[in-house]
Amino acid sequence: MKKLMAANWKMYKTRAEAKATAEDLMNRIDGKLPTDREVVIAAPYTALETVGSVLAGKQNCSLSAENLYPAEEGAYTGEISPRMLQDVGCVYALAGHSERRSIMGETDELVGEKVAFGLKNGLSMILCIGETIEERKAGEVQKVIDRQLEAGLKNVPADFASETVVIAYEPVWAIGTGEVAGEGEIVEAHGFVRKKLEKIFPEKANEIRILYGGSVKPGNCAQIIALDNVDGVLVGGASLDGESFSQIALA
Ligand code: 13P
């Protein structure tokens, strides 16, 4: 199983900025990325084609969208379909990022529809889950993980290939705060995720990658990816700079 080192650029970068960062990153990792690593860049819609052209032909480097809408086409003003994303070179899409859940009001059910629809239409899906600080303080981490995985993976086609489903555990309180979860907290949460996956997909659970996200930096990445059940990282702030993300990708 390849470790997945994923950048999430959120709502940052014009096309020119995106191109410069992607080129800088590729120059820095060119010929150095271990064969058991995969790099993914999730970029804003307007920069996808530009970033895709930089990644084209680079081994184990793929393009991701940050979201999708679960319909083929239609009267959905402002939304983008899996087919449109594939048309600009996307292999992956994120679903259920905590910013979309909290700011855009996405429900567990909608996130589940996005995951299932993306997979059925040929995308690999990165399902983001994670508890808020209030939920953690209330002792509800496992309950939240259970609920978000149950709904997020509902209706996933039974014959999916295990590398096309990725879970990103991102505790909301660690996102953009500089407060990375402790090693014990990460191992415990990823253990819950693995157990739940074993219940949902008994035959594939061990081949599904579980990423950690939340204040991952060049200085803490190597320790994090060495932990049990951590199969990669999903990085926000520290992925916006080519040098910083290259250190993470090669950590
Ligand atoms: P930060 O790395 O900035 O904490 O963001 C994490 C994240 O939201 C990635 O999806």
# chains A, B, ... in the order shown; residues from 1 in each chain; ligands from 1
>>> closest_atom_pairs(of="chain A", to="ligand 1", cutoff="7 Å", atoms="only C-alpha atoms and all ligand atoms", output="tab-separated table")
residue	atom	partner	partner_atom_place_in_ligand_line	distance
A:Asn8	CA	ligand 1	10 (O)	5.2
A:His97	CA	ligand 1	10 (O)	6.6
A:Glu170	CA	ligand 1	7 (C)	6.9
A:Ala174	CA	ligand 1	4 (O)	6.0
A:Ile175	CA	ligand 1	4 (O)	3.5
A:Gly176	CA	ligand 1	4 (O)	3.5
A:Thr177	CA	ligand 1	4 (O)	6.1
A:Gly178	CA	ligand 1	4 (O)	6.6
A:Gly213	CA	ligand 1	6 (C)	5.1
A:Gly214	CA	ligand 1	4 (O)	3.8
A:Ser215	CA	ligand 1	4 (O)	3.5
A:Val216	CA	ligand 1	2 (O)	5.2
A:Leu234	CA	ligand 1	9 (C)	4.9
A:Val235	CA	ligand 1	2 (O)	4.1
A:Gly236	CA	ligand 1	2 (O)	3.4
A:Gly237	CA	ligand 1	3 (O)	3.7
A:Ala238	CA	ligand 1	2 (O)	5.9
>>> residues_around(residues="Ala43 of chain A", least_positions_apart="6", cutoff="7 Å", atoms="only C-alpha atoms", output="list of chain:residue names")
A:Asn8, A:Trp9, A:Lys10, A:Ser64, A:Ala65, A:Glu66
>>> atom_distance(atom1="atom CA of Glu134 of chain A", atom2="atom CA of Val172 of chain A")
10.0 Å
>>> residues_around(residues="segment 87-90 of chain A", least_positions_apart="3", cutoff="9 Å", atoms="only C-alpha atoms", output="VMD selection string")
chain A and resid 42 48 to 50 52 to 53 56 62 to 65 82 to 84 93 123
>>> atom_distance(atom1="atom CA of Ile208 of chain A", atom2="atom CA of Ser246 of chain A")
24.1 Å
>>> select_by_dssp(residues="segment 130-249 of chain A", states="strand (DSSP E or B)", output="number ranges by chain")
A: 165-169, 209-213, 232-235
>>> write_last_selection(atoms="N, CA and C atoms", output="mmCIF file, in the first residue's frame")
data_model
loop_
_atom_site.group_PDB
_atom_site.id
_atom_site.type_symbol
_atom_site.label_atom_id
_atom_site.label_comp_id
_atom_site.auth_asym_id
_atom_site.auth_seq_id
_atom_site.Cartn_x
_atom_site.Cartn_y
_atom_site.Cartn_z
ATOM 1 N N VAL A 165 -10.768 4.182 -2.159
ATOM 2 C CA VAL A 165 -11.445 4.766 -0.994
ATOM 3 C C VAL A 165 -10.380 5.107 0.043
ATOM 4 N N VAL A 166 -10.369 6.363 0.437
ATOM 5 C CA VAL A 166 -9.387 6.845 1.416
ATOM 6 C C VAL A 166 -10.159 7.583 2.505
ATOM 7 N N ILE A 167 -9.774 7.344 3.755
ATOM 8 C CA ILE A 167 -10.386 8.082 4.868
ATOM 9 C C ILE A 167 -9.355 9.080 5.384
ATOM 10 N N ALA A 168 -9.772 10.318 5.582
ATOM 11 C CA ALA A 168 -8.870 11.306 6.206
ATOM 12 C C ALA A 168 -9.445 11.672 7.564
ATOM 13 N N TYR A 169 -8.739 11.254 8.626
ATOM 14 C CA TYR A 169 -9.167 11.643 9.979
ATOM 15 C C TYR A 169 -8.541 12.993 10.296
ATOM 16 N N ARG A 209 -6.635 3.173 2.870
ATOM 17 C CA ARG A 209 -5.699 4.090 3.531
ATOM 18 C C ARG A 209 -6.423 5.065 4.463
ATOM 19 N N ILE A 210 -5.799 5.278 5.607
ATOM 20 C CA ILE A 210 -6.324 6.232 6.590
ATOM 21 C C ILE A 210 -5.288 7.334 6.765
ATOM 22 N N LEU A 211 -5.638 8.547 6.374
ATOM 23 C CA LEU A 211 -4.717 9.683 6.474
ATOM 24 C C LEU A 211 -4.997 10.455 7.756
ATOM 25 N N TYR A 212 -3.960 11.098 8.267
ATOM 26 C CA TYR A 212 -4.158 12.045 9.366
ATOM 27 C C TYR A 212 -4.041 13.457 8.807
ATOM 28 N N GLY A 213 -4.909 14.356 9.254
ATOM 29 C CA GLY A 213 -4.806 15.766 8.878
ATOM 30 C C GLY A 213 -5.038 16.658 10.076
ATOM 31 N N GLY A 232 -0.744 7.964 5.592
ATOM 32 C CA GLY A 232 -0.476 9.187 4.846
ATOM 33 C C GLY A 232 -1.017 10.380 5.590
ATOM 34 N N VAL A 233 -0.950 11.525 4.938
ATOM 35 C CA VAL A 233 -1.380 12.775 5.583
ATOM 36 C C VAL A 233 -2.177 13.627 4.602
ATOM 37 N N LEU A 234 -3.026 14.487 5.154
ATOM 38 C CA LEU A 234 -3.754 15.485 4.357
ATOM 39 C C LEU A 234 -3.378 16.836 4.971
ATOM 40 N N VAL A 235 -2.757 17.681 4.150
ATOM 41 C CA VAL A 235 -2.074 18.863 4.684
ATOM 42 C C VAL A 235 -2.671 20.130 4.097
#
